[in-house]
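Scroll down for the structure; my scribbles are underneath it.
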Amino acid sequence: MLRPVCRCSKRGAQAALKEGRGKQRPHDGMNDLPFDSDTVSPRLLVWYGQAGRDLPWRNTGDPYRIWLSEVMLQQTTVTAVIDYYQRFLEKIPTIECLAAVPLAEVIDLWAGLGYYSRARNLHAAAKLVVEQYEGCFPEEVEALQQLPGVGRSTAGAIAALAFNRRAPILDGNVRRVLCRLFALQEPPRSTSAEKQLWKWSEELTPVANVHDYTQAIMDLGALVCVPRKPVCEQCPLEELCRARKLGLEQQLPLKQVAKQIPTRHEAVLLVDHRGQYLVRRRIADGFLGGMWEFPTISFLEGEAPESKLHLLCSNLNLEGSAESIGHSQHAYSHFRLKSAIYGKKIEDLSHVAEGDHRWFSLDELKNIALHGAHKKVLAEFQKSGV
Ligand code: SF4
């Protein structure tokens, strides 16, 4: 959808573009034009006035809404976020409400969006803003960065978009644009590349129109300088872009070398009582805190899962054997989890030690915040037809 053209910013941008072209500034010898905010920003703003996205969190200066959208957009596409964002705000419209609701409610609203640590951090940060800042977000990047789940780029985005502060950002889209614009020929997550990218981002961030510039450079990465096949002929920065000049626009950014991660093993038990399955919430302050999972027990590489499964059955006071269903695996950032899946049908509930477990139907399981590894377990179980 085309964003309505802001006449003021467009006129201002065109004037600045003319002024920028008239100035004498040093440049790097590779391009005819220098890389600086006076050269880059006016081009981006003109393009943004014509082609920027109209998104639900764009027409607000409310830091709560901007923060919520920025957190939801971490690792998640705009298309996936829109419905979640609107539903979340219908239920929890203010930061005071967010601080007051139980974490479980936030986790349930987040169900399906993934990366659930974001929901936990959101809740913790809301409490902190209410307790320490009386519900008003701090405006400085340094103070924003102290909030749980708010890194430098998210802090920069909130400062720029909610408070129009001159603050650089470096989200995935901006990182890709800068890697290509400057033809950075090293993996962009290396320490030295990271430092260099922040420096460039800071240099290109203008003093005026920070709000629109920030949205413009994010939109450029999302709409034009896309991961595969950037549409350079529609790019307002084409005449500046080093990657374009070198014919490297599809090769950059360089791929990150995948890091080695350890593998952990678990046996998972799907206890079926007439189409209802036993699940429990993980403890709130641990890994995947507040999310739902099937009963599970770890075992070591080389061990037979059955050697531990009987312990799990005995904890739940279940008698008899369980049927092997299959396997699934899921990669987290710091380990890979391999799940050996077992099923057990029961008729009599009276002896089951349910403890803090609850029963859910298959339809309900699809709508609760089951963690990623156990979503795959459930899919494998359904595929098996048991
Ligand atoms: S010219 Fe192409 S590679 Fe360079 S910034 Fe624009 S879209 Fe990206």
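By order of appearance in the structure tokens: chains A, B, ..., then residues from 1 within every chain, and ligands from 1 in the order shown.
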
Compile the contact shell of Tyr213 of chain A as a ChimeraX atom specification: residues with an atom at most 12 Å away, counting only C-alpha atoms, same-chain residues fewer than 5 positions apart removed.
/A:9-10,13,37-38,40-49,52,157,160-161,164-169,174,201,204-208,218-220

Contacts between ligand 1 and chain A, please, where a residue of chain A counts if it comes within 12 Å (with only C-alpha atoms and all ligand atoms); show its shortest atom pair and distance in Å to one decimal, rows by chain and ascending number, as a tab-separated table.
residue	atom	partner	partner_atom_place_in_ligand_line	distance
A:Val40	CA	ligand 1	5 (S)	10.5
A:Arg43	CA	ligand 1	6 (Fe)	11.3
A:Leu44	CA	ligand 1	6 (Fe)	10.4
A:Trp47	CA	ligand 1	6 (Fe)	11.7
A:Asn173	CA	ligand 1	8 (Fe)	10.2
A:Val174	CA	ligand 1	5 (S)	9.8
A:Arg175	CA	ligand 1	5 (S)	10.6
A:Arg176	CA	ligand 1	8 (Fe)	7.7
A:Val177	CA	ligand 1	5 (S)	5.1
A:Leu178	CA	ligand 1	5 (S)	7.2
A:Cys179	CA	ligand 1	5 (S)	8.4
A:Arg180	CA	ligand 1	3 (S)	5.1
A:Leu181	CA	ligand 1	5 (S)	4.9
A:Phe182	CA	ligand 1	4 (Fe)	8.6
A:Ala183	CA	ligand 1	4 (Fe)	8.7
A:Leu184	CA	ligand 1	3 (S)	11.4
A:Ile217	CA	ligand 1	5 (S)	9.7
A:Met218	CA	ligand 1	5 (S)	11.6
A:Asp219	CA	ligand 1	7 (S)	11.2
A:Leu220	CA	ligand 1	7 (S)	7.6
A:Gly221	CA	ligand 1	8 (Fe)	7.4
A:Ala222	CA	ligand 1	7 (S)	10.0
A:Leu223	CA	ligand 1	7 (S)	8.9
A:Val224	CA	ligand 1	7 (S)	5.3
A:Cys225	CA	ligand 1	7 (S)	3.7
A:Val226	CA	ligand 1	7 (S)	7.1
A:Pro227	CA	ligand 1	8 (Fe)	9.0
A:Arg228	CA	ligand 1	3 (S)	10.0
A:Lys229	CA	ligand 1	7 (S)	8.5
A:Pro230	CA	ligand 1	7 (S)	4.8
A:Val231	CA	ligand 1	7 (S)	5.2
A:Cys232	CA	ligand 1	2 (Fe)	3.6
A:Glu233	CA	ligand 1	1 (S)	7.1
A:Gln234	CA	ligand 1	7 (S)	7.3
A:Cys235	CA	ligand 1	6 (Fe)	4.6
A:Pro236	CA	ligand 1	6 (Fe)	6.7
A:Leu237	CA	ligand 1	6 (Fe)	5.2
A:Glu238	CA	ligand 1	1 (S)	3.7
A:Glu239	CA	ligand 1	1 (S)	7.1
A:Leu240	CA	ligand 1	1 (S)	7.4
A:Cys241	CA	ligand 1	4 (Fe)	4.6
A:Arg242	CA	ligand 1	4 (Fe)	6.9
A:Ala243	CA	ligand 1	3 (S)	5.7
A:Arg244	CA	ligand 1	1 (S)	5.2
A:Lys245	CA	ligand 1	1 (S)	8.4
A:Leu246	CA	ligand 1	3 (S)	10.0
A:Gly247	CA	ligand 1	3 (S)	8.8
A:Leu248	CA	ligand 1	3 (S)	7.7
A:Glu249	CA	ligand 1	3 (S)	4.5
A:Gln250	CA	ligand 1	3 (S)	7.4
A:Gln251	CA	ligand 1	3 (S)	9.6
A:Leu252	CA	ligand 1	3 (S)	8.2
A:Pro253	CA	ligand 1	3 (S)	9.7

Within 7 Å of Arg120 of chain A, counting only C-alpha atoms, which residues show up once you throw out same-chain ones fewer than 4 positions away? Write them as a short mmCIF file (atom, residue, chain, number, x, y, z; two decimals) with N, CA and C atoms, in the first residue's frame, please.
data_model
loop_
_atom_site.label_atom_id
_atom_site.label_comp_id
_atom_site.auth_asym_id
_atom_site.auth_seq_id
_atom_site.Cartn_x
_atom_site.Cartn_y
_atom_site.Cartn_z
N LEU A 103 1.88 -12.82 33.63
CA LEU A 103 2.74 -13.19 32.49
C LEU A 103 2.04 -14.22 31.60
N TYR A 116 9.59 -16.54 22.36
CA TYR A 116 8.75 -16.15 23.49
C TYR A 116 9.49 -15.36 24.56
N ALA A 124 8.32 -7.86 31.71
CA ALA A 124 9.25 -7.37 32.74
C ALA A 124 9.55 -5.89 32.52
#

Gap from atom CA of Pro138 of chain A to atom CA of Phe163 of chain A - Å, one decimal:
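Here the two named atoms are 9.6 Å from each other.
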
Considering only C-alpha atoms, can you say which of A:Gln86, A:Gln145, A:Thr94, A:Gln74 comes closest to Ala119 of chain A?
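Checking each of A:Gln86, A:Gln145, A:Thr94, A:Gln74 against Ala119 of chain A, counting only C-alpha atoms, the winner is A:Gln74.
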
I'd like to know which of A:Ile368, A:Leu128, A:Lys375, A:Val210 is closest to Gln146 of chain A, using only C-alpha atoms.
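Nearest to Gln146 of chain A: A:Leu128.
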
Report the residues of segment 112-287 of chain A whose backbone DSSP state falls under helix (DSSP H, G or I), written as number ranges by chain.
A: 117-133, 141-144, 152-163, 172-181, 191-204, 210-223, 232-234, 242-246

Output for the residues just chosen: C-alpha atoms as an mmCIF file, in the first residue's frame:
data_model
loop_
_atom_site.group_PDB
_atom_site.id
_atom_site.type_symbol
_atom_site.label_atom_id
_atom_site.label_comp_id
_atom_site.auth_asym_id
_atom_site.auth_seq_id
_atom_site.Cartn_x
_atom_site.Cartn_y
_atom_site.Cartn_z
ATOM 1 C CA SER A 117 11.546 -14.525 25.460
ATOM 2 C CA ARG A 118 10.290 -11.345 23.781
ATOM 3 C CA ALA A 119 6.934 -11.707 25.574
ATOM 4 C CA ARG A 120 8.628 -12.324 28.911
ATOM 5 C CA ASN A 121 10.913 -9.332 28.448
ATOM 6 C CA LEU A 122 8.012 -7.157 27.348
ATOM 7 C CA HIS A 123 6.173 -7.955 30.551
ATOM 8 C CA ALA A 124 9.251 -7.371 32.737
ATOM 9 C CA ALA A 125 10.025 -4.090 30.948
ATOM 10 C CA ALA A 126 6.444 -2.844 31.399
ATOM 11 C CA LYS A 127 6.691 -3.435 35.155
ATOM 12 C CA LEU A 128 9.980 -1.568 35.238
ATOM 13 C CA VAL A 129 8.670 1.438 33.265
ATOM 14 C CA VAL A 130 5.602 1.637 35.520
ATOM 15 C CA GLU A 131 7.587 1.253 38.748
ATOM 16 C CA GLN A 132 10.633 3.380 37.920
ATOM 17 C CA TYR A 133 9.299 5.903 35.389
ATOM 18 C CA VAL A 141 18.791 5.512 24.086
ATOM 19 C CA GLU A 142 20.981 4.612 27.073
ATOM 20 C CA ALA A 143 18.006 4.470 29.453
ATOM 21 C CA LEU A 144 15.852 2.581 26.935
ATOM 22 C CA ARG A 152 20.675 -0.828 20.948
ATOM 23 C CA SER A 153 18.718 -0.960 17.688
ATOM 24 C CA THR A 154 15.280 -1.252 19.330
ATOM 25 C CA ALA A 155 16.228 1.572 21.711
ATOM 26 C CA GLY A 156 17.301 3.675 18.712
ATOM 27 C CA ALA A 157 14.035 2.952 16.913
ATOM 28 C CA ILE A 158 11.920 3.941 19.932
ATOM 29 C CA ALA A 159 13.971 7.116 20.491
ATOM 30 C CA ALA A 160 13.746 8.078 16.797
ATOM 31 C CA LEU A 161 10.125 7.111 16.137
ATOM 32 C CA ALA A 162 8.502 8.117 19.430
ATOM 33 C CA PHE A 163 10.697 11.046 20.428
ATOM 34 C CA GLY A 172 18.082 -6.667 9.772
ATOM 35 C CA ASN A 173 16.850 -4.448 6.950
ATOM 36 C CA VAL A 174 19.192 -1.571 7.721
ATOM 37 C CA ARG A 175 22.123 -3.947 8.177
ATOM 38 C CA ARG A 176 21.557 -5.360 4.675
ATOM 39 C CA VAL A 177 21.212 -1.915 3.071
ATOM 40 C CA LEU A 178 24.440 -0.688 4.690
ATOM 41 C CA CYS A 179 26.372 -3.861 3.840
ATOM 42 C CA ARG A 180 25.507 -3.289 0.177
ATOM 43 C CA LEU A 181 25.726 0.475 0.112
ATOM 44 C CA THR A 191 32.773 -7.796 15.877
ATOM 45 C CA SER A 192 34.625 -5.473 13.517
ATOM 46 C CA ALA A 193 31.776 -5.435 10.980
ATOM 47 C CA GLU A 194 29.283 -4.691 13.730
ATOM 48 C CA LYS A 195 31.358 -1.743 14.882
ATOM 49 C CA GLN A 196 31.741 -0.447 11.351
ATOM 50 C CA LEU A 197 28.025 -0.821 10.560
ATOM 51 C CA TRP A 198 27.022 1.124 13.657
ATOM 52 C CA LYS A 199 29.464 3.863 12.694
ATOM 53 C CA TRP A 200 27.969 4.117 9.201
ATOM 54 C CA SER A 201 24.443 4.022 10.556
ATOM 55 C CA GLU A 202 25.282 6.858 12.926
ATOM 56 C CA GLU A 203 26.943 8.933 10.204
ATOM 57 C CA LEU A 204 23.989 8.560 7.849
ATOM 58 C CA VAL A 210 14.906 11.429 11.979
ATOM 59 C CA HIS A 211 11.470 9.870 12.364
ATOM 60 C CA ASP A 212 10.828 9.642 8.603
ATOM 61 C CA TYR A 213 14.441 8.782 7.767
ATOM 62 C CA THR A 214 14.348 5.825 10.179
ATOM 63 C CA GLN A 215 11.173 4.453 8.661
ATOM 64 C CA ALA A 216 12.501 5.150 5.158
ATOM 65 C CA ILE A 217 15.705 3.144 5.537
ATOM 66 C CA MET A 218 13.792 0.253 7.154
ATOM 67 C CA ASP A 219 11.304 0.315 4.269
ATOM 68 C CA LEU A 220 14.076 0.431 1.682
ATOM 69 C CA GLY A 221 15.462 -2.823 3.108
ATOM 70 C CA ALA A 222 11.994 -4.396 3.249
ATOM 71 C CA LEU A 223 10.737 -3.325 -0.196
ATOM 72 C CA CYS A 232 18.322 -1.737 -7.684
ATOM 73 C CA GLU A 233 16.730 0.035 -10.645
ATOM 74 C CA GLN A 234 14.020 1.319 -8.247
ATOM 75 C CA ARG A 242 29.168 0.398 -4.035
ATOM 76 C CA ALA A 243 27.755 -3.121 -4.258
ATOM 77 C CA ARG A 244 25.795 -2.057 -7.341
ATOM 78 C CA LYS A 245 28.915 -0.555 -8.903
ATOM 79 C CA LEU A 246 30.893 -3.724 -8.197
#

Excluding same-chain residues fewer than 2 positions from Asp272 of chain A, what lies within 7 Å of it counting only C-alpha atoms, as a list in words?
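So the residues in contact are Leu270, Arg274, Gly275, Gln276, Tyr277, Lys344, Lys345 and Ile346 of chain A.
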
Got a sec to tell me which of segment 234-357 of chain A DSSP assigns to strand (DSSP E), as a PyMOL selection string?
chain A and resi 263-273+276-281+292-293+296-299+323-331+336-345

The selected residues should be written to file as a short mmCIF file (atom, residue, chain, number, x, y, z; two decimals), in the first residue's frame (atoms: N, CA and C atoms).
data_model
loop_
_atom_site.label_atom_id
_atom_site.label_comp_id
_atom_site.auth_asym_id
_atom_site.auth_seq_id
_atom_site.Cartn_x
_atom_site.Cartn_y
_atom_site.Cartn_z
N THR A 263 23.90 -31.10 21.03
CA THR A 263 22.57 -31.72 20.89
C THR A 263 22.12 -32.26 22.24
N ARG A 264 20.87 -31.99 22.59
CA ARG A 264 20.29 -32.57 23.80
C ARG A 264 19.17 -33.52 23.39
N HIS A 265 18.88 -34.48 24.27
CA HIS A 265 17.87 -35.50 23.95
C HIS A 265 16.79 -35.52 25.01
N GLU A 266 15.56 -35.78 24.58
CA GLU A 266 14.46 -35.92 25.53
C GLU A 266 13.48 -36.97 25.03
N ALA A 267 12.81 -37.61 25.97
CA ALA A 267 11.67 -38.47 25.63
C ALA A 267 10.42 -37.66 25.95
N VAL A 268 9.46 -37.64 25.03
CA VAL A 268 8.23 -36.86 25.22
C VAL A 268 7.06 -37.83 25.21
N LEU A 269 6.16 -37.63 26.16
CA LEU A 269 5.03 -38.55 26.28
C LEU A 269 3.71 -37.83 26.01
N LEU A 270 2.98 -38.31 25.01
CA LEU A 270 1.66 -37.76 24.74
C LEU A 270 0.61 -38.68 25.37
N VAL A 271 0.08 -38.23 26.49
CA VAL A 271 -0.92 -39.03 27.21
C VAL A 271 -2.29 -38.63 26.69
N ASP A 272 -3.01 -39.61 26.14
CA ASP A 272 -4.27 -39.34 25.44
C ASP A 272 -5.44 -39.93 26.24
N HIS A 273 -6.27 -39.03 26.76
CA HIS A 273 -7.49 -39.50 27.41
C HIS A 273 -8.68 -39.02 26.58
N GLN A 276 -8.08 -35.87 24.68
CA GLN A 276 -7.52 -34.76 25.49
C GLN A 276 -6.09 -35.15 25.84
N TYR A 277 -5.19 -34.18 25.79
CA TYR A 277 -3.76 -34.48 26.00
C TYR A 277 -3.23 -33.70 27.20
N LEU A 278 -2.31 -34.36 27.89
CA LEU A 278 -1.78 -33.79 29.12
C LEU A 278 -0.62 -32.84 28.80
N VAL A 279 -0.71 -31.59 29.28
CA VAL A 279 0.40 -30.64 29.11
C VAL A 279 0.57 -29.83 30.40
N ARG A 280 1.70 -29.19 30.51
CA ARG A 280 1.94 -28.33 31.68
C ARG A 280 2.67 -27.07 31.24
N ARG A 281 2.60 -26.04 32.09
CA ARG A 281 3.35 -24.82 31.80
C ARG A 281 4.76 -24.94 32.35
N TRP A 292 3.83 -23.84 27.22
CA TRP A 292 3.28 -25.16 27.48
C TRP A 292 4.14 -26.25 26.85
N GLU A 293 4.11 -27.43 27.48
CA GLU A 293 4.83 -28.57 26.91
C GLU A 293 4.20 -29.88 27.35
N THR A 296 7.89 -34.57 29.73
CA THR A 296 9.16 -34.86 29.07
C THR A 296 10.24 -35.21 30.07
N ILE A 297 11.23 -35.97 29.61
CA ILE A 297 12.37 -36.29 30.48
C ILE A 297 13.62 -36.37 29.60
N SER A 298 14.75 -35.86 30.11
CA SER A 298 16.00 -35.85 29.32
C SER A 298 16.71 -37.19 29.43
N PHE A 299 17.47 -37.53 28.41
CA PHE A 299 18.38 -38.67 28.50
C PHE A 299 19.66 -38.33 27.74
N GLU A 323 3.81 -46.36 23.54
CA GLU A 323 4.11 -46.76 22.16
C GLU A 323 5.04 -45.73 21.50
N SER A 324 6.10 -46.24 20.86
CA SER A 324 7.01 -45.31 20.17
C SER A 324 6.33 -44.77 18.91
N ILE A 325 6.35 -43.43 18.76
CA ILE A 325 5.63 -42.79 17.64
C ILE A 325 6.60 -42.33 16.56
N GLY A 326 7.76 -41.84 16.97
CA GLY A 326 8.70 -41.30 15.99
C GLY A 326 9.64 -40.29 16.65
N HIS A 327 10.25 -39.46 15.83
CA HIS A 327 11.23 -38.50 16.33
C HIS A 327 10.99 -37.13 15.70
N SER A 328 11.45 -36.10 16.39
CA SER A 328 11.47 -34.77 15.76
C SER A 328 12.69 -34.04 16.31
N GLN A 329 13.06 -32.96 15.67
CA GLN A 329 14.15 -32.15 16.23
C GLN A 329 13.91 -30.68 15.97
N HIS A 330 14.51 -29.87 16.83
CA HIS A 330 14.29 -28.43 16.78
C HIS A 330 15.59 -27.75 17.20
N ALA A 331 15.98 -26.70 16.48
CA ALA A 331 17.23 -26.01 16.84
C ALA A 331 16.92 -24.70 17.55
N ARG A 336 20.58 -27.98 19.98
CA ARG A 336 19.58 -28.66 19.15
C ARG A 336 18.89 -29.69 20.05
N LEU A 337 17.58 -29.78 19.97
CA LEU A 337 16.84 -30.72 20.82
C LEU A 337 16.26 -31.83 19.97
N LYS A 338 16.65 -33.07 20.29
CA LYS A 338 16.06 -34.22 19.57
C LYS A 338 15.04 -34.87 20.49
N SER A 339 13.84 -35.06 19.99
CA SER A 339 12.77 -35.60 20.81
C SER A 339 12.38 -36.99 20.32
N ALA A 340 12.40 -37.96 21.24
CA ALA A 340 11.86 -39.29 20.95
C ALA A 340 10.42 -39.27 21.46
N ILE A 341 9.47 -39.53 20.55
CA ILE A 341 8.06 -39.31 20.89
C ILE A 341 7.35 -40.63 21.21
N TYR A 342 6.61 -40.62 22.32
CA TYR A 342 5.84 -41.80 22.74
C TYR A 342 4.39 -41.40 22.99
N GLY A 343 3.50 -42.34 22.73
CA GLY A 343 2.08 -42.10 22.99
C GLY A 343 1.53 -43.13 23.96
N LYS A 344 0.57 -42.72 24.75
CA LYS A 344 -0.05 -43.65 25.70
C LYS A 344 -1.52 -43.27 25.85
N LYS A 345 -2.40 -44.22 25.52
CA LYS A 345 -3.84 -43.96 25.68
C LYS A 345 -4.26 -44.44 27.05
#

Please determine, counting only C-alpha atoms, which residue among A:Lys91, A:Gly114, A:Thr79, A:Phe137 has the shortest atom-to-atom distance to Trp67 of chain A.
A:Phe137
